[in-house]
Amino acid sequence: MINAMASKKRTDTKQLEREMKIGSRGNRIASGFAIIVLILVSYLAAARNQDSAQKQRESVYAPLAKAPQKAVIRRNPLENDREAVVAGGKLFEIHCAECHGDMAEGGRKAPSLVSDEVQRATPGTLFWVLTNGVVRRGMPVWSKLPEPQRWQIVRYLKSLAPPKFAQ
Amino acid sequence: MKFIWTAFFVPFTTALLAAFAAPALAQESPYIVAYDHYLEEPGSLEVEYFSTFGTQRGGNDFTAFWAEFEYGATAWWTTELYLDGQTTFSDSTVFTGFRWENRFRLLQLEHFINPVLYIEYEQTSGADKILKEVEGHDVESDYAPPNRVLEREHDHELEFKLLLSKSFKGWNVAENTIATKNLTGGNPWEFGYAVGASRPLGLKASPKLCNLCRENFIAGVEMYGGLGDRHSFGLRDTSQYVAPVIAWNLPSDWTFRLSPGFGLNDNSHRFLLRWGISREFSGFGQMVERLFGGGKS
């Protein structure tokens, strides 16, 4: 009787150990699954953030794409004027640096102008944006500056381009 | 008392701003009466002081003066507060009231003609002589009585203007149509106009910062006058003026304006000499934000 009871107890213990093993394997699977889900969620979140940052970036520079073709193809009449860069730099410091930063690196209120998007844009496009502003986003129209001064600013902006964008 | 307060308030405010906000060289138009379609840059505050000396037949000559605080709320909305006063020679110096003006840009992009809507509320006395707007049947003899008599009249006016302006080849041409309703009494709608044309003396900027560079000077001319009222529209019994204008934008952040004005008919003051000085402070909005704990950087 005692032997039978001991044997039963051993069987129960084995059963328990087996169940525990199964349970622990289940836990491991669950943990693994949770980690995978977590990684997936993080990845999706990161991707979404990146997507949102990309969208925001695209949206900040969207006005460049709104320039009509006629404006895009305009050439800078001061392209070969050596003084235009210096004069444009002076005008930039006076009128633009407050929002776009002293080195056109961008600030809280306005985007960088040394970015690829701006440097890839044609002088005509930059002239068009400068003339019309981006009123909805807080950039005033600058048509109050005479045309030559706006072209001087464009010339300065283009001079900030890294070599790959040089005209 | 109010006058003394105003006289001290303007320089005090300017000094305070000079200490805390960054000044910015503005490309200010030379107009004193007419408006073009350019608004104040967002977040910038322009503090201005203007004065008008006027000759007066049948009364004493006067100097009227006003302070303007012009703030760029957004790129499409500028709001402005005026405080007016005047000294009539051999009479007295009085505070004559305030105006609150708002200008709204109606179109986002630049067009062939650019419209801006102007709405102003003003609470002034009959002694107000700044002649910033000439409308209705305003004539020289209205300003002849002594200040104590003129001060009895109180005006609460709503003023609407449609500002049309265009810039091309360095020139700016502006036209303003004015409609005013005095809310006190049963006064009819009154009308007026102002037109202006101006151009910088130099279109290209010179490479160096300089005070006397041609591009720092903008010269032009403006013309303004009344157009009668709803019952009698036209030029009859109105005053009309023409005034050359010049603005000098200094790299040291100040703008000076000067404008001698001439009456064009017998109802007009023969001569008005206006001058003004202004300084623009960019980043004023951010400065206020920082003062109140906002504006994360």
# chains A, B, ... in the order shown; residues from 1 in each chain; ligands from 1

call {"tool": "residues_around", "arguments": {"residues": "Glu105 (chain A)", "least_positions_apart": "6", "cutoff": "12 Å", "atoms": "only C-alpha atoms", "output": "PyMOL selection string"}}
result
chain A and resi 96-99+111-116+118+157+160-161

call {"tool": "residues_around", "arguments": {"residues": "region 208-212 of chain B", "least_positions_apart": "3", "cutoff": "8 Å", "atoms": "only C-alpha atoms", "output": "compact mmCIF listing (two decimals) with N, CA and C atoms, in the first residue's frame"}}
result
# COMPACT_ATOMS: atom_id res chain seq x y z
N ALA A 87 27.01 90.86 -51.55
CA ALA A 87 25.84 91.71 -51.30
C ALA A 87 24.66 90.85 -50.85
N LYS A 90 24.99 89.98 -47.29
CA LYS A 90 24.61 91.11 -46.43
C LYS A 90 23.08 91.17 -46.30
N ASN B 216 19.54 102.65 -49.80
CA ASN B 216 18.94 102.94 -48.49
C ASN B 216 17.87 104.02 -48.56
N LEU B 250 18.42 103.19 -42.40
CA LEU B 250 19.81 103.14 -41.95
C LEU B 250 20.20 101.73 -41.51
N PRO B 251 21.46 101.35 -41.77
CA PRO B 251 21.90 100.03 -41.30
C PRO B 251 21.89 99.95 -39.77

call {"tool": "closest_atom_pairs", "arguments": {"of": "chain B", "to": "chain A", "cutoff": "8 Å", "atoms": "only C-alpha atoms", "output": "Markdown table"}}
result
| residue | atom | partner | partner_atom | distance |
| --- | --- | --- | --- | --- |
| B:Ala24 | CA | A:Ile94 | CA | 6.5 |
| B:Leu25 | CA | A:Ile94 | CA | 5.9 |
| B:Ala26 | CA | A:His95 | CA | 7.7 |
| B:Gln27 | CA | A:Leu145 | CA | 7.3 |
| B:Tyr38 | CA | A:Lys144 | CA | 7.2 |
| B:Leu39 | CA | A:Pro140 | CA | 7.9 |
| B:Glu41 | CA | A:Pro140 | CA | 6.2 |
| B:Pro42 | CA | A:Gly138 | CA | 6.5 |
| B:Thr74 | CA | A:Gly138 | CA | 6.1 |
| B:Ala75 | CA | A:Gly138 | CA | 4.9 |
| B:Trp76 | CA | A:Val135 | CA | 6.4 |
| B:Gln108 | CA | A:Val135 | CA | 5.8 |
| B:Leu109 | CA | A:Asn132 | CA | 5.1 |
| B:Glu110 | CA | A:Asn132 | CA | 5.3 |
| B:Ser167 | CA | A:Ser143 | CA | 7.0 |
| B:Lys169 | CA | A:Glu147 | CA | 6.9 |
| B:Gly170 | CA | A:Pro146 | CA | 4.8 |
| B:Leu203 | CA | A:Pro146 | CA | 5.6 |
| B:Lys204 | CA | A:Pro148 | CA | 5.2 |
| B:Ala205 | CA | A:Ala87 | CA | 5.8 |
| B:Ser206 | CA | A:Ala87 | CA | 5.7 |
| B:Pro207 | CA | A:Ala87 | CA | 3.9 |
| B:Lys208 | CA | A:Ala87 | CA | 7.1 |
| B:Leu209 | CA | A:Lys90 | CA | 7.6 |
| B:Ser282 | CA | A:Glu98 | CA | 7.6 |
| B:Gly283 | CA | A:Glu98 | CA | 7.7 |
| B:Ser297 | CA | A:Arg108 | CA | 7.2 |

call {"tool": "select_by_dssp", "arguments": {"residues": "region 135-180 of chain B", "states": "strand (DSSP E or B)", "output": "number ranges by chain"}}
result
B: 136, 154-168, 171-180

call {"tool": "atom_distance", "arguments": {"atom1": "CA of Trp100 (chain B)", "atom2": "CA of Leu131 (chain B)"}}
result
15.9 Å

call {"tool": "select_by_dssp", "arguments": {"residues": "region 75-161 of chain A", "states": "alpha helix (DSSP H)", "output": "JSON, numbers by chain"}}
result
{"A": [82, 83, 84, 85, 86, 87, 88, 89, 90, 91, 92, 93, 94, 95, 97, 98, 99, 100, 116, 117, 118, 119, 120, 123, 124, 125, 126, 127, 128, 129, 130, 131, 132, 147, 148, 149, 150, 151, 152, 153, 154, 155, 156, 157, 158, 159]}

call {"tool": "atom_distance", "arguments": {"atom1": "CA of Arg82 (chain A)", "atom2": "CA of Arg155 (chain A)"}}
result
9.6 Å

call {"tool": "residues_around", "arguments": {"residues": "His156 (chain B)", "least_positions_apart": "5", "cutoff": "12 Å", "atoms": "only C-alpha atoms", "output": "list in words"}}
result
Gly97, Phe98, Arg99, Trp100, Glu120, Tyr121, Glu122, Gln123, Thr124, Ser125, Gly126, Thr180, Lys181, Asn182, Leu183, Thr184, Gly185, Gly186 and Asn187 of chain B

call {"tool": "write_last_selection", "arguments": {"atoms": "C-alpha atoms", "output": "PDB file, in the first residue's frame"}}
result
ATOM      1  CA  GLY B  97      -7.289 109.525 -28.733  1.00  0.00           C
ATOM      2  CA  PHE B  98      -6.270 106.087 -29.912  1.00  0.00           C
ATOM      3  CA  ARG B  99      -6.732 103.879 -32.936  1.00  0.00           C
ATOM      4  CA  TRP B 100      -6.536 100.134 -33.329  1.00  0.00           C
ATOM      5  CA  GLU B 120      -9.668 100.220 -37.884  1.00  0.00           C
ATOM      6  CA  TYR B 121     -11.528 101.311 -34.795  1.00  0.00           C
ATOM      7  CA  GLU B 122     -10.759 104.755 -33.525  1.00  0.00           C
ATOM      8  CA  GLN B 123     -11.813 106.722 -30.513  1.00  0.00           C
ATOM      9  CA  THR B 124     -10.656 110.297 -30.946  1.00  0.00           C
ATOM     10  CA  SER B 125     -11.730 113.796 -30.108  1.00  0.00           C
ATOM     11  CA  GLY B 126     -12.486 116.539 -32.614  1.00  0.00           C
ATOM     12  CA  THR B 180     -15.527 105.470 -42.737  1.00  0.00           C
ATOM     13  CA  LYS B 181     -18.561 105.310 -40.476  1.00  0.00           C
ATOM     14  CA  ASN B 182     -18.760 107.493 -37.408  1.00  0.00           C
ATOM     15  CA  LEU B 183     -20.710 105.422 -34.898  1.00  0.00           C
ATOM     16  CA  THR B 184     -21.791 108.466 -32.901  1.00  0.00           C
ATOM     17  CA  GLY B 185     -24.830 110.297 -34.192  1.00  0.00           C
ATOM     18  CA  GLY B 186     -26.410 109.666 -37.543  1.00  0.00           C
ATOM     19  CA  ASN B 187     -23.373 110.475 -39.651  1.00  0.00           C
TER      20      ASN B 187
END

call {"tool": "residues_around", "arguments": {"residues": "Pro146 (chain B)", "least_positions_apart": "4", "cutoff": "12 Å", "atoms": "only C-alpha atoms", "output": "number ranges by chain"}}
result
B: 56, 58-62, 86-94, 126-128, 141-142, 150-152

call {"tool": "atom_distance", "arguments": {"atom1": "CA of Trp189 (chain B)", "atom2": "CA of Glu153 (chain B)"}}
result
17.8 Å
